[in-house]
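Raw model09.pdb, PDB, C-alpha atoms, pLDDT in the B column:
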MODEL        1
ATOM      1  CA  MET A   1     -34.483 -27.359  25.222  1.00 72.00           C
ATOM      2  CA  LYS A   2     -35.440 -24.851  22.531  1.00 76.00           C
ATOM      3  CA  GLU A   3     -38.042 -23.202  24.804  1.00 84.00           C
ATOM      4  CA  LYS A   4     -35.505 -22.936  27.619  1.00 82.00           C
ATOM      5  CA  TRP A   5     -32.951 -21.350  25.307  1.00 83.00           C
ATOM      6  CA  MET A   6     -35.532 -18.906  23.896  1.00 82.00           C
ATOM      7  CA  LYS A   7     -36.503 -17.878  27.431  1.00 83.00           C
ATOM      8  CA  ILE A   8     -32.848 -17.245  28.363  1.00 85.00           C
ATOM      9  CA  TRP A   9     -32.226 -15.346  25.124  1.00 84.00           C
ATOM     10  CA  GLY A  10     -35.450 -13.347  25.579  1.00 85.00           C
ATOM     11  CA  GLY A  11     -34.366 -12.278  29.073  1.00 86.00           C
ATOM     12  CA  PHE A  12     -30.906 -11.326  27.833  1.00 86.00           C
ATOM     13  CA  GLU A  13     -32.427  -9.413  24.908  1.00 87.00           C
ATOM     14  CA  GLU A  14     -34.671  -7.439  27.270  1.00 90.00           C
ATOM     15  CA  LYS A  15     -31.781  -6.466  29.553  1.00 91.00           C
ATOM     16  CA  HIS A  16     -29.221  -5.799  26.795  1.00 90.00           C
ATOM     17  CA  PRO A  17     -31.080  -4.999  23.535  1.00 90.00           C
ATOM     18  CA  LYS A  18     -28.116  -3.427  21.686  1.00 91.00           C
ATOM     19  CA  LEU A  19     -25.672  -6.151  22.678  1.00 93.00           C
ATOM     20  CA  ALA A  20     -28.229  -8.845  21.836  1.00 92.00           C
ATOM     21  CA  LYS A  21     -28.726  -7.341  18.375  1.00 91.00           C
ATOM     22  CA  TRP A  22     -24.963  -7.251  17.749  1.00 92.00           C
ATOM     23  CA  LEU A  23     -24.559 -10.862  18.930  1.00 94.00           C
ATOM     24  CA  TYR A  24     -27.448 -11.992  16.718  1.00 93.00           C
ATOM     25  CA  GLN A  25     -25.962 -10.219  13.712  1.00 93.00           C
ATOM     26  CA  ILE A  26     -22.423 -11.474  14.320  1.00 93.00           C
ATOM     27  CA  PHE A  27     -23.684 -15.060  14.750  1.00 94.00           C
ATOM     28  CA  TYR A  28     -25.691 -15.152  11.510  1.00 94.00           C
ATOM     29  CA  PHE A  29     -23.098 -13.107   9.641  1.00 93.00           C
ATOM     30  CA  PHE A  30     -20.429 -15.645  10.628  1.00 92.00           C
ATOM     31  CA  ILE A  31     -22.573 -18.691   9.756  1.00 94.00           C
ATOM     32  CA  PHE A  32     -23.529 -17.378   6.304  1.00 94.00           C
ATOM     33  CA  SER A  33     -20.021 -16.092   5.600  1.00 90.00           C
ATOM     34  CA  MET A  34     -18.479 -19.463   6.485  1.00 89.00           C
ATOM     35  CA  GLY A  35     -20.969 -21.230   4.216  1.00 92.00           C
ATOM     36  CA  VAL A  36     -20.062 -19.085   1.214  1.00 91.00           C
ATOM     37  CA  THR A  37     -16.356 -19.338   2.106  1.00 86.00           C
ATOM     38  CA  ILE A  38     -16.594 -23.134   1.761  1.00 89.00           C
ATOM     39  CA  LEU A  39     -18.310 -22.645  -1.597  1.00 92.00           C
ATOM     40  CA  GLN A  40     -15.502 -20.313  -2.709  1.00 88.00           C
ATOM     41  CA  TYR A  41     -12.894 -22.892  -1.669  1.00 86.00           C
ATOM     42  CA  LEU A  42     -14.580 -25.483  -3.888  1.00 92.00           C
ATOM     43  CA  PHE A  43     -14.473 -23.085  -6.844  1.00 93.00           C
ATOM     44  CA  PHE A  44     -10.828 -22.128  -6.158  1.00 87.00           C
ATOM     45  CA  THR A  45      -9.815 -25.780  -5.949  1.00 89.00           C
ATOM     46  CA  PHE A  46     -11.826 -27.541  -8.667  1.00 94.00           C
ATOM     47  CA  MET A  47     -12.802 -24.977 -11.303  1.00 96.00           C
ATOM     48  CA  PRO A  48      -9.191 -24.458 -12.536  1.00 96.00           C
ATOM     49  CA  TYR A  49      -9.118 -28.162 -13.455  1.00 96.00           C
ATOM     50  CA  ALA A  50     -12.381 -27.793 -15.386  1.00 96.00           C
ATOM     51  CA  LEU A  51     -10.942 -24.793 -17.256  1.00 96.00           C
ATOM     52  CA  GLY A  52      -7.851 -26.792 -18.159  1.00 96.00           C
ATOM     53  CA  GLU A  53      -4.146 -26.350 -18.729  1.00 95.00           C
ATOM     54  CA  GLY A  54      -4.565 -23.879 -21.597  1.00 96.00           C
ATOM     55  CA  LEU A  55      -6.005 -21.187 -19.306  1.00 96.00           C
ATOM     56  CA  ALA A  56      -3.644 -22.164 -16.467  1.00 95.00           C
ATOM     57  CA  ALA A  57      -0.743 -21.462 -18.854  1.00 96.00           C
ATOM     58  CA  THR A  58      -2.192 -18.111 -19.990  1.00 96.00           C
ATOM     59  CA  GLU A  59      -0.755 -15.159 -18.123  1.00 91.00           C
ATOM     60  CA  PHE A  60      -3.289 -12.499 -17.196  1.00 90.00           C
ATOM     61  CA  MET A  61      -2.039  -9.854 -14.810  1.00 92.00           C
ATOM     62  CA  TRP A  62      -2.467  -6.122 -14.273  1.00 92.00           C
ATOM     63  CA  PRO A  63      -0.372  -4.182 -13.421  1.00 92.00           C
ATOM     64  CA  GLN A  64       2.734  -6.297 -13.812  1.00 92.00           C
ATOM     65  CA  ILE A  65       5.366  -5.403 -11.218  1.00 93.00           C
ATOM     66  CA  HIS A  66       8.346  -7.766 -11.096  1.00 92.00           C
ATOM     67  CA  MET A  67       9.468  -8.613  -7.559  1.00 91.00           C
ATOM     68  CA  GLU A  68      11.452 -11.150  -5.574  1.00 90.00           C
ATOM     69  CA  LEU A  69      10.701 -12.230  -2.002  1.00 87.00           C
ATOM     70  CA  PHE A  70      12.459 -15.004  -0.071  1.00 86.00           C
ATOM     71  CA  GLY A  71      14.378 -15.963  -3.208  1.00 86.00           C
ATOM     72  CA  VAL A  72      11.218 -16.484  -5.284  1.00 85.00           C
ATOM     73  CA  PRO A  73      10.897 -14.196  -8.317  1.00 87.00           C
ATOM     74  CA  PHE A  74       7.317 -13.349  -9.326  1.00 85.00           C
ATOM     75  CA  THR A  75       5.122 -10.698 -10.883  1.00 88.00           C
ATOM     76  CA  TRP A  76       2.794  -8.799  -8.553  1.00 91.00           C
ATOM     77  CA  SER A  77      -0.607  -7.542  -9.692  1.00 92.00           C
ATOM     78  CA  LEU A  78      -4.025  -6.422  -8.467  1.00 91.00           C
ATOM     79  CA  LEU A  79      -5.792  -8.542 -11.084  1.00 91.00           C
ATOM     80  CA  GLY A  80      -4.677 -11.965 -12.201  1.00 88.00           C
ATOM     81  CA  TYR A  81      -2.168 -14.548 -11.023  1.00 85.00           C
ATOM     82  CA  ASN A  82       1.236 -15.863 -12.051  1.00 83.00           C
ATOM     83  CA  VAL A  83       1.331 -19.026 -14.134  1.00 88.00           C
ATOM     84  CA  ALA A  84       2.351 -21.841 -11.756  1.00 84.00           C
ATOM     85  CA  TYR A  85       5.133 -24.254 -12.745  1.00 85.00           C
ATOM     86  CA  ASP A  86       6.525 -27.401 -11.150  1.00 83.00           C
ATOM     87  CA  ALA A  87      10.274 -28.006 -10.620  1.00 81.00           C
ATOM     88  CA  ALA A  88      10.590 -29.428 -14.153  1.00 91.00           C
ATOM     89  CA  GLY A  89       9.000 -26.306 -15.673  1.00 91.00           C
ATOM     90  CA  ASN A  90       5.649 -27.888 -16.503  1.00 93.00           C
ATOM     91  CA  VAL A  91       2.511 -25.769 -16.091  1.00 94.00           C
ATOM     92  CA  LEU A  92       0.534 -26.555 -12.960  1.00 89.00           C
ATOM     93  CA  ILE A  93      -3.210 -26.146 -12.656  1.00 91.00           C
ATOM     94  CA  GLY A  94      -3.801 -23.426 -10.068  1.00 86.00           C
ATOM     95  CA  GLY A  95      -2.407 -20.287 -11.632  1.00 87.00           C
ATOM     96  CA  GLY A  96      -2.733 -17.975 -14.597  1.00 92.00           C
ATOM     97  CA  LEU A  97      -6.007 -16.948 -16.202  1.00 95.00           C
ATOM     98  CA  GLY A  98      -7.699 -20.205 -15.159  1.00 96.00           C
ATOM     99  CA  TYR A  99      -7.166 -19.484 -11.472  1.00 92.00           C
ATOM    100  CA  PHE A 100      -8.187 -15.837 -11.874  1.00 92.00           C
ATOM    101  CA  ILE A 101     -11.477 -16.829 -13.552  1.00 95.00           C
ATOM    102  CA  SER A 102     -12.099 -19.458 -10.862  1.00 95.00           C
ATOM    103  CA  TYR A 103     -11.368 -16.971  -8.096  1.00 88.00           C
ATOM    104  CA  GLU A 104     -13.644 -14.267  -9.491  1.00 91.00           C
ATOM    105  CA  VAL A 105     -16.503 -16.619 -10.447  1.00 95.00           C
ATOM    106  CA  GLY A 106     -16.379 -18.344  -7.053  1.00 93.00           C
ATOM    107  CA  SER A 107     -16.247 -15.047  -5.217  1.00 90.00           C
ATOM    108  CA  PHE A 108     -19.074 -13.502  -7.283  1.00 93.00           C
ATOM    109  CA  ILE A 109     -21.412 -16.499  -6.894  1.00 95.00           C
ATOM    110  CA  ALA A 110     -20.685 -16.581  -3.160  1.00 92.00           C
ATOM    111  CA  GLN A 111     -21.651 -12.900  -2.899  1.00 92.00           C
ATOM    112  CA  CYS A 112     -24.853 -13.484  -4.897  1.00 95.00           C
ATOM    113  CA  ILE A 113     -25.836 -16.056  -2.253  1.00 96.00           C
ATOM    114  CA  ASN A 114     -24.510 -14.008   0.667  1.00 93.00           C
ATOM    115  CA  PHE A 115     -26.282 -10.748  -0.227  1.00 94.00           C
ATOM    116  CA  PRO A 116     -29.915 -11.855   0.313  1.00 96.00           C
ATOM    117  CA  LEU A 117     -29.030 -13.929   3.388  1.00 96.00           C
ATOM    118  CA  GLN A 118     -27.221 -11.065   5.090  1.00 94.00           C
ATOM    119  CA  ARG A 119     -29.749  -8.439   3.994  1.00 94.00           C
ATOM    120  CA  ASN A 120     -32.916 -10.340   4.907  1.00 94.00           C
ATOM    121  CA  ILE A 121     -31.914 -12.550   7.839  1.00 94.00           C
ATOM    122  CA  THR A 122     -28.811 -11.121   9.520  1.00 94.00           C
ATOM    123  CA  PHE A 123     -29.597  -7.411   9.260  1.00 93.00           C
ATOM    124  CA  LYS A 124     -33.359  -7.622   8.532  1.00 92.00           C
ATOM    125  CA  SER A 125     -33.062  -4.595   6.293  1.00 91.00           C
ATOM    126  CA  LYS A 126     -36.046  -3.076   4.497  1.00 89.00           C
ATOM    127  CA  GLY A 127     -33.948  -0.626   2.456  1.00 89.00           C
ATOM    128  CA  ASN A 128     -33.982  -0.259  -1.315  1.00 92.00           C
ATOM    129  CA  PRO A 129     -32.526  -3.565  -2.606  1.00 93.00           C
ATOM    130  CA  VAL A 130     -31.228  -2.058  -5.867  1.00 94.00           C
ATOM    131  CA  PHE A 131     -29.360   0.706  -4.025  1.00 93.00           C
ATOM    132  CA  GLN A 132     -27.996  -1.843  -1.540  1.00 94.00           C
ATOM    133  CA  ALA A 133     -26.963  -4.265  -4.288  1.00 94.00           C
ATOM    134  CA  ILE A 134     -25.056  -1.490  -6.102  1.00 95.00           C
ATOM    135  CA  TRP A 135     -23.149  -0.541  -2.931  1.00 93.00           C
ATOM    136  CA  TYR A 136     -22.559  -4.212  -2.150  1.00 93.00           C
ATOM    137  CA  PHE A 137     -21.129  -4.725  -5.657  1.00 94.00           C
ATOM    138  CA  ILE A 138     -18.829  -1.701  -5.300  1.00 94.00           C
ATOM    139  CA  ALA A 139     -17.641  -2.956  -1.887  1.00 91.00           C
ATOM    140  CA  TRP A 140     -17.037  -6.433  -3.357  1.00 90.00           C
ATOM    141  CA  ILE A 141     -14.866  -4.980  -6.154  1.00 92.00           C
ATOM    142  CA  VAL A 142     -12.796  -2.857  -3.744  1.00 90.00           C
ATOM    143  CA  ILE A 143     -12.372  -5.708  -1.242  1.00 86.00           C
ATOM    144  CA  SER A 144     -11.495  -8.135  -4.070  1.00 85.00           C
ATOM    145  CA  LEU A 145      -8.764  -5.786  -5.316  1.00 89.00           C
ATOM    146  CA  ILE A 146      -7.335  -5.469  -1.801  1.00 85.00           C
ATOM    147  CA  CYS A 147      -7.394  -9.251  -1.286  1.00 82.00           C
ATOM    148  CA  ASN A 148      -5.962  -9.974  -4.763  1.00 83.00           C
ATOM    149  CA  GLY A 149      -3.126  -7.511  -4.217  1.00 87.00           C
ATOM    150  CA  PHE A 150      -2.316  -9.021  -0.832  1.00 84.00           C
ATOM    151  CA  ASN A 151      -2.633 -12.615  -2.058  1.00 80.00           C
ATOM    152  CA  ASN A 152      -0.309 -11.919  -4.975  1.00 82.00           C
ATOM    153  CA  LEU A 153       2.449 -11.039  -2.521  1.00 85.00           C
ATOM    154  CA  TRP A 154       2.520 -14.415  -0.799  1.00 81.00           C
ATOM    155  CA  MET A 155       0.830 -16.915  -3.173  1.00 77.00           C
ATOM    156  CA  PRO A 156       3.800 -17.240  -5.556  1.00 78.00           C
ATOM    157  CA  ILE A 157       6.019 -18.010  -2.557  1.00 81.00           C
ATOM    158  CA  ALA A 158       3.523 -20.522  -1.186  1.00 80.00           C
ATOM    159  CA  ALA A 159       3.184 -22.128  -4.632  1.00 74.00           C
ATOM    160  CA  ALA A 160       6.942 -22.777  -4.615  1.00 75.00           C
ATOM    161  CA  TYR A 161       6.733 -24.711  -1.338  1.00 80.00           C
ATOM    162  CA  VAL A 162       3.251 -26.202  -0.857  1.00 79.00           C
ATOM    163  CA  ALA A 163       0.609 -28.033  -2.901  1.00 77.00           C
ATOM    164  CA  PRO A 164      -2.155 -25.960  -4.573  1.00 70.00           C
ATOM    165  CA  ALA A 165      -4.829 -27.451  -2.285  1.00 72.00           C
ATOM    166  CA  VAL A 166      -2.925 -26.157   0.749  1.00 80.00           C
ATOM    167  CA  TYR A 167      -2.518 -22.643  -0.550  1.00 73.00           C
ATOM    168  CA  ASN A 168      -6.168 -22.676  -1.662  1.00 73.00           C
ATOM    169  CA  ILE A 169      -7.032 -23.166   2.011  1.00 81.00           C
ATOM    170  CA  LEU A 170      -4.751 -20.246   2.897  1.00 79.00           C
ATOM    171  CA  VAL A 171      -6.274 -18.072   0.135  1.00 73.00           C
ATOM    172  CA  THR A 172      -9.758 -18.943   1.366  1.00 74.00           C
ATOM    173  CA  ILE A 173      -8.935 -18.215   5.021  1.00 78.00           C
ATOM    174  CA  ILE A 174      -7.099 -14.961   4.318  1.00 75.00           C
ATOM    175  CA  THR A 175      -9.562 -13.710   1.698  1.00 71.00           C
ATOM    176  CA  GLY A 176     -12.534 -14.856   3.749  1.00 72.00           C
ATOM    177  CA  GLY A 177     -11.154 -13.435   6.997  1.00 77.00           C
ATOM    178  CA  VAL A 178     -10.262 -10.023   5.580  1.00 77.00           C
ATOM    179  CA  SER A 179     -13.517  -9.860   3.615  1.00 79.00           C
ATOM    180  CA  MET A 180     -15.615 -10.867   6.610  1.00 82.00           C
ATOM    181  CA  VAL A 181     -14.258  -8.136   8.856  1.00 84.00           C
ATOM    182  CA  ILE A 182     -14.620  -5.426   6.203  1.00 86.00           C
ATOM    183  CA  PHE A 183     -17.993  -6.653   4.936  1.00 86.00           C
ATOM    184  CA  PHE A 184     -19.543  -6.742   8.420  1.00 89.00           C
ATOM    185  CA  PHE A 185     -19.080  -3.001   8.823  1.00 88.00           C
ATOM    186  CA  VAL A 186     -20.053  -2.350   5.195  1.00 88.00           C
ATOM    187  CA  PHE A 187     -23.290  -4.252   5.861  1.00 90.00           C
ATOM    188  CA  LYS A 188     -23.967  -2.215   8.991  1.00 89.00           C
ATOM    189  CA  ILE A 189     -23.923   0.848   6.708  1.00 90.00           C
ATOM    190  CA  ILE A 190     -25.766  -0.419   3.615  1.00 91.00           C
ATOM    191  CA  PHE A 191     -28.336  -2.547   5.468  1.00 89.00           C
ATOM    192  CA  PRO A 192     -29.908  -0.098   7.925  1.00 83.00           C
ATOM    193  CA  GLU A 193     -32.758  -1.577   9.913  1.00 71.00           C
ATOM    194  CA  GLY A 194     -36.159   0.025   9.983  1.00 57.00           C
ATOM    195  CA  GLU A 195     -35.766   1.799   6.654  1.00 50.00           C
ATOM    196  CA  LYS A 196     -38.902   1.877   4.507  1.00 53.00           C
ATOM    197  CA  LYS A 197     -39.038  -0.022   1.226  1.00 49.00           C
TER
ENDMDL
END
Will you turn the file into structure tokens for me?
Amino acid sequence: MKEKWMKIWGGFEEKHPKLAKWLYQIFYFFIFSMGVTILQYLFFTFMPYALGEGLAATEFMWPQIHMELFGVPFTWSLLGYNVAYDAAGNVLIGGGLGYFISYEVGSFIAQCINFPLQRNITFKSKGNPVFQAIWYFIAWIVISLICNGFNNLWMPIAAAYVAPAVYNILVTIITGGVSMVIFFFVFKIIFPEGEKK
């Protein structure tokens, strides 16, 4: 079966080398990205519980812009998350500084795993790894700010209506989806093939 598939792929690669390269890269990019997205989800969901209620009740947000959407008042920010409360006013795990730390740690660790996989396997780049890691880090910060800003528009509303595990899935899908699209083209730039070490 494997030999048959390799023969078919080899023939396709000969006839359509550019398309074959793009398909190869998209396939491995997607597989590795989904793997680290699952890892991020685990951090988003379980790490806030490990950090405890004290950090969940600690507000950490910048800048703080007070808004109201769909009848839910909240504070919007690029960094940090609102403290989450239940109907009785008790602090819920899944917001505040605890969630922010979980989000950033999960995202950073996922990128530390993703970087060598994408660089070495997906894009087979031989470029300067330090230079590439610096650009990757800058891209991660910019993309994280974009995703945080977007998430902070809808997460407070979702928190008012759905369980934290559900909106963690939404955060993971939205953050992962937006990041994947942007990162693919960032990788095409910072991981050029055929570059000397």
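The spacing separating atom CA of Ser77 of chain A from atom CA of Ala50 of chain A amounts to 24.1 Å.
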Since I can't run it myself right now, could you work out what the PyMOL selection byres ((chain A and resi 101-106) around 7) selects here and report it as a PyMOL selection string? chain A and resi 40+43-44+47-48+97-100+107-110
Pro192 of chain A surroundings by only C-alpha atoms, 10 Å radius, close-in-sequence under 3 positions cut, as JSON, numbers by chain: {"A": [119, 123, 124, 125, 126, 127, 132, 187, 188, 189, 195, 196]}
Check the smallest atom-to-atom distance from each of A:Gly149, A:Gly94, A:Asn82, A:Gln118 to Ile26 of chain A using only C-alpha atoms, then report the winner.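 When distances to Ile26 of chain A are compared using only C-alpha atoms, the smallest one comes from A:Gln118.
Of note, atom CA of Asn168 of chain A and atom CA of Thr45 of chain A are spaced 6.4 Å apart.
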Find the distance between atom CA of Ile93 of chain A and atom CA of Ala56 of chain A and write it in Å to one decimal.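 Pair atom CA of Ile93 of chain A / atom CA of Ala56 of chain A returns 5.5 Å.
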